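Peer 1: Here you go, upload25.txt (compact mmCIF, N, CA, C and O atoms):
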# COMPACT_ATOMS: atom_id res chain seq x y z
N VAL O 1 0.86 -1.18 0.00
CA VAL O 1 0.00 0.00 0.00
C VAL O 1 0.89 1.23 0.00
O VAL O 1 1.64 1.46 0.95
N PRO O 2 0.83 2.04 -1.04
CA PRO O 2 1.65 3.25 -1.08
C PRO O 2 1.08 4.31 -0.11
O PRO O 2 -0.12 4.47 0.02
N LEU O 3 1.98 4.98 0.55
CA LEU O 3 1.58 6.05 1.45
C LEU O 3 1.61 7.38 0.70
O LEU O 3 2.57 7.67 0.00
N SER O 4 0.56 8.14 0.83
CA SER O 4 0.53 9.45 0.16
C SER O 4 -0.06 10.48 1.12
O SER O 4 -1.28 10.66 1.18
N PRO O 5 0.81 11.14 1.90
CA PRO O 5 0.32 12.14 2.85
C PRO O 5 -0.25 13.35 2.13
O PRO O 5 0.00 13.58 0.95
N HIS O 6 -1.04 14.11 2.85
CA HIS O 6 -1.73 15.27 2.30
C HIS O 6 -1.18 16.54 2.93
O HIS O 6 -0.95 16.59 4.14
N SER O 7 -1.00 17.55 2.11
CA SER O 7 -0.54 18.84 2.60
C SER O 7 -1.76 19.69 2.95
O SER O 7 -2.70 19.82 2.17
N ILE O 8 -1.74 20.25 4.16
CA ILE O 8 -2.85 21.05 4.67
C ILE O 8 -2.30 22.41 5.08
O ILE O 8 -1.30 22.48 5.80
N VAL O 9 -2.96 23.48 4.64
CA VAL O 9 -2.57 24.83 5.05
C VAL O 9 -3.65 25.37 5.96
O VAL O 9 -4.83 25.39 5.60
N LEU O 10 -3.25 25.76 7.18
CA LEU O 10 -4.19 26.27 8.16
C LEU O 10 -3.75 27.64 8.66
O LEU O 10 -2.55 27.87 8.89
N PRO O 11 -4.70 28.54 8.85
CA PRO O 11 -4.36 29.84 9.45
C PRO O 11 -4.01 29.68 10.93
O PRO O 11 -4.49 28.75 11.58
N PHE O 12 -3.19 30.57 11.44
CA PHE O 12 -2.77 30.51 12.84
C PHE O 12 -3.95 30.42 13.79
O PHE O 12 -3.91 29.71 14.78
N ASP O 13 -5.03 31.15 13.49
CA ASP O 13 -6.15 31.21 14.43
C ASP O 13 -6.97 29.92 14.50
O ASP O 13 -7.82 29.77 15.36
N GLU O 14 -6.70 28.96 13.62
CA GLU O 14 -7.38 27.66 13.67
C GLU O 14 -6.57 26.61 14.43
O GLU O 14 -7.01 25.48 14.59
N LEU O 15 -5.39 26.99 14.89
CA LEU O 15 -4.51 26.05 15.58
C LEU O 15 -4.35 26.43 17.04
O LEU O 15 -4.30 27.61 17.39
N GLN O 16 -4.29 25.43 17.88
CA GLN O 16 -3.91 25.61 19.28
C GLN O 16 -2.72 24.69 19.50
O GLN O 16 -2.86 23.47 19.53
N ILE O 17 -1.54 25.29 19.62
CA ILE O 17 -0.33 24.51 19.76
C ILE O 17 0.21 24.70 21.18
O ILE O 17 0.40 25.82 21.64
N TYR O 18 0.44 23.57 21.85
CA TYR O 18 0.96 23.58 23.21
C TYR O 18 2.24 22.76 23.25
O TYR O 18 2.39 21.79 22.52
N GLU O 19 3.15 23.16 24.13
CA GLU O 19 4.33 22.34 24.34
C GLU O 19 4.32 21.82 25.77
O GLU O 19 3.82 22.49 26.68
N VAL O 20 4.83 20.63 25.94
CA VAL O 20 4.91 20.03 27.26
C VAL O 20 6.22 20.49 27.89
O VAL O 20 7.29 20.36 27.29
N ILE O 21 6.11 21.02 29.10
CA ILE O 21 7.28 21.53 29.80
C ILE O 21 7.58 20.60 30.96
O ILE O 21 6.76 20.43 31.86
N GLU O 22 8.74 19.99 30.89
CA GLU O 22 9.21 19.12 31.97
C GLU O 22 9.95 19.99 32.97
O GLU O 22 10.77 20.82 32.60
N SER O 23 9.68 19.79 34.21
CA SER O 23 10.37 20.54 35.26
C SER O 23 11.74 19.90 35.47
O SER O 23 11.84 18.70 35.70
N ASP O 24 12.77 20.69 35.37
CA ASP O 24 14.13 20.18 35.51
C ASP O 24 14.78 20.85 36.72
O ASP O 24 15.67 21.68 36.59
N ILE O 25 14.29 20.50 37.90
CA ILE O 25 14.78 21.11 39.13
C ILE O 25 15.92 20.27 39.70
O ILE O 25 15.77 19.07 39.91
N PRO O 26 17.05 20.91 39.95
CA PRO O 26 18.17 20.17 40.56
C PRO O 26 17.77 19.66 41.96
O PRO O 26 17.02 20.32 42.69
N ALA O 27 18.25 18.51 42.31
CA ALA O 27 17.93 17.90 43.61
C ALA O 27 18.33 18.82 44.77
O ALA O 27 17.70 18.81 45.83
N SER O 28 19.34 19.64 44.57
CA SER O 28 19.81 20.53 45.65
C SER O 28 18.79 21.62 45.98
O SER O 28 18.84 22.22 47.05
N LEU O 29 17.84 21.89 45.06
CA LEU O 29 16.83 22.92 45.31
C LEU O 29 15.54 22.36 45.90
O LEU O 29 14.65 23.11 46.28
N LEU O 30 15.44 21.04 45.98
CA LEU O 30 14.24 20.41 46.52
C LEU O 30 14.33 20.33 48.05
O LEU O 30 15.43 20.27 48.61
N PRO O 31 13.18 20.33 48.72
CA PRO O 31 13.21 20.14 50.18
C PRO O 31 13.83 18.79 50.53
O PRO O 31 13.78 17.84 49.74
N ILE O 32 14.40 18.70 51.72
CA ILE O 32 15.06 17.47 52.17
C ILE O 32 14.05 16.32 52.15
O ILE O 32 12.94 16.44 52.65
N GLY O 33 14.44 15.23 51.54
CA GLY O 33 13.59 14.05 51.47
C GLY O 33 12.66 14.04 50.27
O GLY O 33 12.02 13.04 49.99
N GLU O 34 12.56 15.12 49.52
CA GLU O 34 11.69 15.19 48.34
C GLU O 34 12.46 14.74 47.10
O GLU O 34 13.68 14.89 47.01
N THR O 35 11.72 14.18 46.15
CA THR O 35 12.32 13.80 44.87
C THR O 35 11.59 14.53 43.75
O THR O 35 10.45 14.96 43.92
N ALA O 36 12.23 14.67 42.63
CA ALA O 36 11.63 15.36 41.48
C ALA O 36 10.53 14.53 40.83
O ALA O 36 9.82 15.03 39.98
N GLU O 37 10.39 13.28 41.23
CA GLU O 37 9.40 12.40 40.63
C GLU O 37 7.96 12.87 40.88
O GLU O 37 7.06 12.58 40.13
N GLY O 38 7.74 13.60 41.98
CA GLY O 38 6.40 14.07 42.30
C GLY O 38 6.02 15.33 41.55
O GLY O 38 4.88 15.80 41.63
N ILE O 39 6.94 15.93 40.81
CA ILE O 39 6.67 17.16 40.07
C ILE O 39 6.15 16.80 38.68
O ILE O 39 6.82 16.11 37.92
N LYS O 40 4.95 17.27 38.39
CA LYS O 40 4.30 16.91 37.12
C LYS O 40 4.67 17.89 36.01
O LYS O 40 4.88 19.07 36.26
N PRO O 41 4.72 17.40 34.77
CA PRO O 41 4.95 18.31 33.65
C PRO O 41 3.73 19.21 33.46
O PRO O 41 2.63 18.91 33.92
N SER O 42 3.94 20.33 32.79
CA SER O 42 2.84 21.25 32.51
C SER O 42 2.81 21.54 31.02
O SER O 42 3.72 21.17 30.28
N VAL O 43 1.75 22.21 30.57
CA VAL O 43 1.64 22.59 29.16
C VAL O 43 1.58 24.10 29.06
O VAL O 43 1.06 24.78 29.94
N SER O 44 2.12 24.62 27.97
CA SER O 44 2.14 26.05 27.74
C SER O 44 1.81 26.30 26.27
O SER O 44 2.38 25.66 25.38
N LYS O 45 0.88 27.24 26.02
CA LYS O 45 0.51 27.55 24.64
C LYS O 45 1.65 28.31 23.97
O LYS O 45 2.26 29.19 24.58
N ILE O 46 1.93 27.94 22.73
CA ILE O 46 2.98 28.61 21.97
C ILE O 46 2.42 29.08 20.63
O ILE O 46 1.43 28.56 20.13
N SER O 47 3.08 30.08 20.07
CA SER O 47 2.69 30.61 18.76
C SER O 47 3.50 29.92 17.67
O SER O 47 4.67 29.60 17.88
N PRO O 48 2.90 29.70 16.50
CA PRO O 48 3.66 29.11 15.40
C PRO O 48 4.84 30.00 15.01
O PRO O 48 4.73 31.23 15.02
N SER O 49 5.95 29.37 14.69
CA SER O 49 7.14 30.11 14.27
C SER O 49 7.92 29.25 13.28
O SER O 49 7.77 28.03 13.24
N PRO O 50 8.78 29.87 12.47
CA PRO O 50 9.59 29.11 11.51
C PRO O 50 10.48 28.06 12.16
O PRO O 50 10.88 27.10 11.51
N GLN O 51 10.79 28.20 13.45
CA GLN O 51 11.62 27.20 14.13
C GLN O 51 10.89 25.86 14.27
O GLN O 51 11.50 24.85 14.59
N MET O 52 9.58 25.85 14.02
CA MET O 52 8.79 24.62 14.14
C MET O 52 8.87 23.73 12.90
O MET O 52 8.38 22.60 12.92
N ILE O 53 9.47 24.23 11.83
CA ILE O 53 9.54 23.45 10.59
C ILE O 53 10.28 22.13 10.87
O ILE O 53 11.32 22.13 11.53
N THR O 54 9.73 21.05 10.40
CA THR O 54 10.15 19.64 10.57
C THR O 54 9.78 19.07 11.94
O THR O 54 10.08 17.92 12.21
N HIS O 55 9.13 19.85 12.80
CA HIS O 55 8.68 19.31 14.09
C HIS O 55 7.43 18.46 13.89
O HIS O 55 6.65 18.68 12.97
N ILE O 56 7.24 17.51 14.75
CA ILE O 56 6.06 16.65 14.73
C ILE O 56 5.10 17.11 15.82
O ILE O 56 5.50 17.28 16.97
N LEU O 57 3.84 17.33 15.44
CA LEU O 57 2.80 17.73 16.38
C LEU O 57 1.84 16.56 16.57
O LEU O 57 1.57 15.83 15.63
N SER O 58 1.34 16.41 17.76
CA SER O 58 0.31 15.39 17.98
C SER O 58 -1.05 16.06 18.00
O SER O 58 -1.19 17.20 18.40
N VAL O 59 -2.06 15.33 17.55
CA VAL O 59 -3.44 15.82 17.55
C VAL O 59 -4.11 15.19 18.78
O VAL O 59 -4.21 13.98 18.89
N SER O 60 -4.54 16.05 19.68
CA SER O 60 -5.13 15.58 20.93
C SER O 60 -6.64 15.38 20.79
O SER O 60 -7.29 16.03 19.98
N SER O 61 -7.17 14.50 21.61
CA SER O 61 -8.61 14.24 21.58
C SER O 61 -9.38 15.24 22.44
O SER O 61 -10.59 15.15 22.54
N THR O 62 -8.69 16.19 23.06
CA THR O 62 -9.35 17.21 23.87
C THR O 62 -8.99 18.60 23.38
O THR O 62 -7.97 18.79 22.73
N SER O 63 -9.83 19.56 23.70
CA SER O 63 -9.52 20.95 23.37
C SER O 63 -9.24 21.75 24.64
O SER O 63 -9.01 22.94 24.59
N GLU O 64 -9.25 21.06 25.79
CA GLU O 64 -8.99 21.70 27.07
C GLU O 64 -7.51 21.54 27.44
O GLU O 64 -7.02 20.42 27.58
N PRO O 65 -6.80 22.66 27.62
CA PRO O 65 -5.37 22.57 27.95
C PRO O 65 -5.08 21.74 29.20
O PRO O 65 -4.07 21.03 29.26
N ASP O 66 -5.97 21.79 30.20
CA ASP O 66 -5.75 21.04 31.44
C ASP O 66 -5.83 19.53 31.24
O ASP O 66 -5.37 18.77 32.10
N GLU O 67 -6.41 19.09 30.13
CA GLU O 67 -6.61 17.65 29.90
C GLU O 67 -5.63 17.08 28.87
O GLU O 67 -5.67 15.88 28.60
N ILE O 68 -4.76 17.90 28.33
CA ILE O 68 -3.86 17.46 27.25
C ILE O 68 -2.97 16.30 27.68
O ILE O 68 -2.81 15.32 26.96
N LEU O 69 -2.39 16.39 28.87
CA LEU O 69 -1.44 15.36 29.32
C LEU O 69 -2.10 14.01 29.57
O LEU O 69 -1.43 12.97 29.51
N SER O 70 -3.40 14.01 29.83
CA SER O 70 -4.08 12.75 30.10
C SER O 70 -5.00 12.30 28.97
O SER O 70 -5.67 11.29 29.08
N SER O 71 -5.03 13.03 27.87
CA SER O 71 -5.92 12.68 26.76
C SER O 71 -5.24 11.76 25.76
O SER O 71 -4.01 11.62 25.74
N SER O 72 -6.04 11.15 24.92
CA SER O 72 -5.53 10.26 23.87
C SER O 72 -4.97 11.08 22.71
O SER O 72 -5.44 12.17 22.42
N VAL O 73 -3.99 10.50 22.04
CA VAL O 73 -3.45 11.11 20.83
C VAL O 73 -4.17 10.49 19.64
O VAL O 73 -4.27 9.28 19.52
N MET O 74 -4.70 11.35 18.77
CA MET O 74 -5.48 10.89 17.62
C MET O 74 -4.63 10.73 16.36
O MET O 74 -5.07 10.13 15.40
N GLY O 75 -3.45 11.31 16.37
CA GLY O 75 -2.59 11.22 15.19
C GLY O 75 -1.45 12.22 15.30
O GLY O 75 -1.31 12.93 16.30
N PHE O 76 -0.65 12.26 14.23
CA PHE O 76 0.51 13.13 14.21
C PHE O 76 0.56 13.92 12.90
O PHE O 76 0.12 13.43 11.86
N LEU O 77 1.14 15.12 12.97
CA LEU O 77 1.30 15.99 11.81
C LEU O 77 2.75 16.47 11.77
O LEU O 77 3.37 16.68 12.81
N CYS O 78 3.26 16.68 10.57
CA CYS O 78 4.59 17.23 10.40
C CYS O 78 4.48 18.66 9.89
O CYS O 78 3.77 18.92 8.91
N VAL O 79 5.16 19.59 10.54
CA VAL O 79 5.15 20.99 10.11
C VAL O 79 6.15 21.12 8.96
O VAL O 79 7.33 20.86 9.12
N THR O 80 5.65 21.52 7.78
CA THR O 80 6.54 21.66 6.63
C THR O 80 6.84 23.11 6.28
O THR O 80 7.81 23.40 5.59
N ASP O 81 5.99 24.05 6.75
CA ASP O 81 6.24 25.47 6.50
C ASP O 81 5.44 26.30 7.48
O ASP O 81 4.34 25.93 7.87
N VAL O 82 6.02 27.43 7.87
CA VAL O 82 5.33 28.42 8.69
C VAL O 82 5.55 29.77 8.04
O VAL O 82 6.69 30.23 7.92
N SER O 83 4.46 30.38 7.58
CA SER O 83 4.53 31.70 6.96
C SER O 83 3.98 32.73 7.93
O SER O 83 2.76 32.84 8.10
N VAL O 84 4.89 33.47 8.56
CA VAL O 84 4.47 34.50 9.50
C VAL O 84 3.77 35.64 8.75
O VAL O 84 2.79 36.20 9.24
N GLU O 85 4.23 35.93 7.54
CA GLU O 85 3.63 37.00 6.74
C GLU O 85 2.17 36.71 6.41
O GLU O 85 1.32 37.59 6.46
N LYS O 86 1.87 35.46 6.07
CA LYS O 86 0.50 35.06 5.72
C LYS O 86 -0.27 34.52 6.92
O LYS O 86 -1.46 34.22 6.80
N SER O 87 0.40 34.35 8.06
CA SER O 87 -0.19 33.75 9.26
C SER O 87 -0.77 32.37 8.97
O SER O 87 -1.89 32.06 9.32
N GLU O 88 0.06 31.54 8.31
CA GLU O 88 -0.37 30.19 7.92
C GLU O 88 0.70 29.15 8.27
O GLU O 88 1.88 29.44 8.25
N VAL O 89 0.22 27.96 8.57
CA VAL O 89 1.10 26.82 8.83
C VAL O 89 0.75 25.73 7.82
O VAL O 89 -0.42 25.43 7.60
N THR O 90 1.76 25.16 7.19
CA THR O 90 1.56 24.04 6.27
C THR O 90 1.95 22.76 6.99
O THR O 90 3.05 22.66 7.54
N LEU O 91 1.02 21.81 6.99
CA LEU O 91 1.21 20.56 7.71
C LEU O 91 1.11 19.38 6.75
O LEU O 91 0.37 19.43 5.77
N LEU O 92 1.85 18.34 7.04
CA LEU O 92 1.76 17.09 6.29
C LEU O 92 0.96 16.12 7.15
O LEU O 92 1.30 15.86 8.30
N SER O 93 -0.15 15.62 6.59
CA SER O 93 -1.07 14.78 7.34
C SER O 93 -1.32 13.47 6.61
O SER O 93 -1.44 13.45 5.38
N PRO O 94 -1.47 12.36 7.35
CA PRO O 94 -1.81 11.09 6.70
C PRO O 94 -3.28 11.02 6.30
O PRO O 94 -3.70 10.12 5.61
N GLN O 95 -4.06 11.99 6.73
CA GLN O 95 -5.51 11.99 6.51
C GLN O 95 -5.92 13.25 5.75
O GLN O 95 -5.35 14.32 5.91
N LEU O 96 -6.95 13.10 4.94
CA LEU O 96 -7.49 14.26 4.23
C LEU O 96 -8.13 15.24 5.21
O LEU O 96 -8.62 14.84 6.26
N PRO O 97 -8.13 16.54 4.87
CA PRO O 97 -8.83 17.51 5.74
C PRO O 97 -10.32 17.21 5.73
O PRO O 97 -10.80 16.57 4.81
N PRO O 98 -11.06 17.64 6.71
CA PRO O 98 -10.63 18.48 7.83
C PRO O 98 -10.03 17.64 8.95
O PRO O 98 -10.32 16.46 9.10
N LEU O 99 -9.19 18.31 9.75
CA LEU O 99 -8.60 17.66 10.91
C LEU O 99 -9.62 17.63 12.04
O LEU O 99 -10.53 18.45 12.07
N PRO O 100 -9.49 16.69 12.95
CA PRO O 100 -10.41 16.65 14.09
C PRO O 100 -10.32 17.96 14.90
O PRO O 100 -9.25 18.54 15.00
N LYS O 101 -11.42 18.38 15.44
CA LYS O 101 -11.44 19.62 16.26
C LYS O 101 -11.05 19.30 17.67
O LYS O 101 -11.33 18.30 18.21
Translate this file's structure into structure tokens.

Peer 2:
Amino acid sequence: VPLSPHSIVLPFDELQIYEVIESDIPASLLPIGETAEGIKPSVSKISPSPQMITHILSVSSTSEPDEILSSSVMGFLCVTDVSVEKSEVTLLSPQLPPLPK
């Protein structure tokens, strides 16, 4: 079966992109007897930028930022272009548009 991904162009305002932030606290800054294992990662909304080209994004099954870390992943997209002038992101998708909301 040949694979033929689809190129999708979306305006910035149709995307919600979050990055997962892992807390990297040195053990010397933690209270005595505490470990970094109890510190949970967080999510932060980011704006599309040209530095995202070739990055892989996951499509989450939720639209609530607080639920992203515990939600299912519905698929993956590859960022192939970010046009700040046009406020558009070009994505490579294994599925035809529209993308899940």

Peer 1: Can you tell me, as a list in words, what residues are no more than 8 Å from Val84 (chain O) when counting only N, CA, C and O atoms, ignoring any on the same chain fewer than 4 positions away?

Peer 2: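 My reading of the contact set: Pro48, Ser49, Pro50, Glu88 and Val89 of chain O.
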
Peer 1: Just want the 10 Å neighbourhood of Met52 (chain O), counted on only C-alpha atoms, with same-chain residues fewer than 3 positions away dropped. Output as an MDAnalysis selection string.

Peer 2: chainID O and resid 47:49 55:57 78:82 89

Peer 1: Compare O:Ser58, O:Ile17, O:Glu85, O:Leu77 by their minimum atom-to-atom distance to Pro5 (chain O), counting only C-alpha atoms, and give me the closest one.

Peer 2: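 Counting only C-alpha atoms, the residue closest to Pro5 (chain O) is O:Leu77.
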
Peer 1: Calculate how many Å separate CA of Ser42 (chain O) from CA of Glu22 (chain O), rounding to one decimal.

Peer 2: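 Separation of CA of Ser42 (chain O) and CA of Glu22 (chain O): 6.7 Å.
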
Peer 1: Enumerate as an MDAnalysis selection string all residues of chain O assigned to helix (DSSP H, G or I) by DSSP on the backbone, naming them with the chain letters and numbers the document uses.

Peer 2: chainID O and resid 12:14 27:29 36:38 50:52 65:70

Peer 1: Identify which of the residues O:Met74, O:Ile8, O:Ile32, O:Ile25 lies closest to Leu91 (chain O), counting only C-alpha atoms when measuring atom-to-atom distances.

Peer 2: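 Checking each candidate against Leu91 (chain O), we get O:Ile8 as the closest.
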
Peer 1: Fewer than 6 positions away in the same chain doesn't count, so skip those; otherwise give me all residues within 8 Å of Pro41 (chain O), counting only N, CA, C and O atoms, as number ranges by chain.

Peer 2: O: 19-23, 69

Peer 1: Quick one: of O:Ser4, O:Tyr18, O:Leu99, O:Leu29, who's nearest to Glu67 (chain O), counting only C-alpha atoms?

Peer 2: O:Tyr18

Peer 1: Run DSSP on the backbone and tell me which residues of chain O come out as strand (DSSP E or B); list them as a ChimeraX atom specification.

Peer 2: /O:6-11,17-21,42-46,56-60,73-83,88-93

Peer 1: Just want the 6 Å neighbourhood of region 61-64 of chain O, counted on only N, CA, C and O atoms, with same-chain residues fewer than 4 positions away dropped. Output as a PyMOL selection string.

Peer 2: chain O and resi 68+71-74+101

Peer 1: How far is it from CA of Lys86 (chain O) to CA of Val43 (chain O), in Å with one decimal?

Peer 2: 26.6 Å

Peer 1: What is the atom C of Phe12 (chain O)-atom O of Lys40 (chain O) distance in Å, reported with one decimal?

Peer 2: 26.7 Å

Peer 1: Would you mind telling me which residue in O:Gly75, O:Ser7, O:Glu34, O:Gln16 lies nearest to Leu96 (chain O) when using all atoms listed in the file?

Peer 2: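 Of the candidates, the smallest distance to Leu96 (chain O) is held by O:Ser7.
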
Peer 1: Looking at O:Phe76, O:Leu10, O:Ile46, O:Leu15, which one is nearest to Pro94 (chain O), with distances taken over all atoms listed in the file?

Peer 2: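 Using all atoms listed in the file, Pro94 (chain O) sits closest to O:Phe76.
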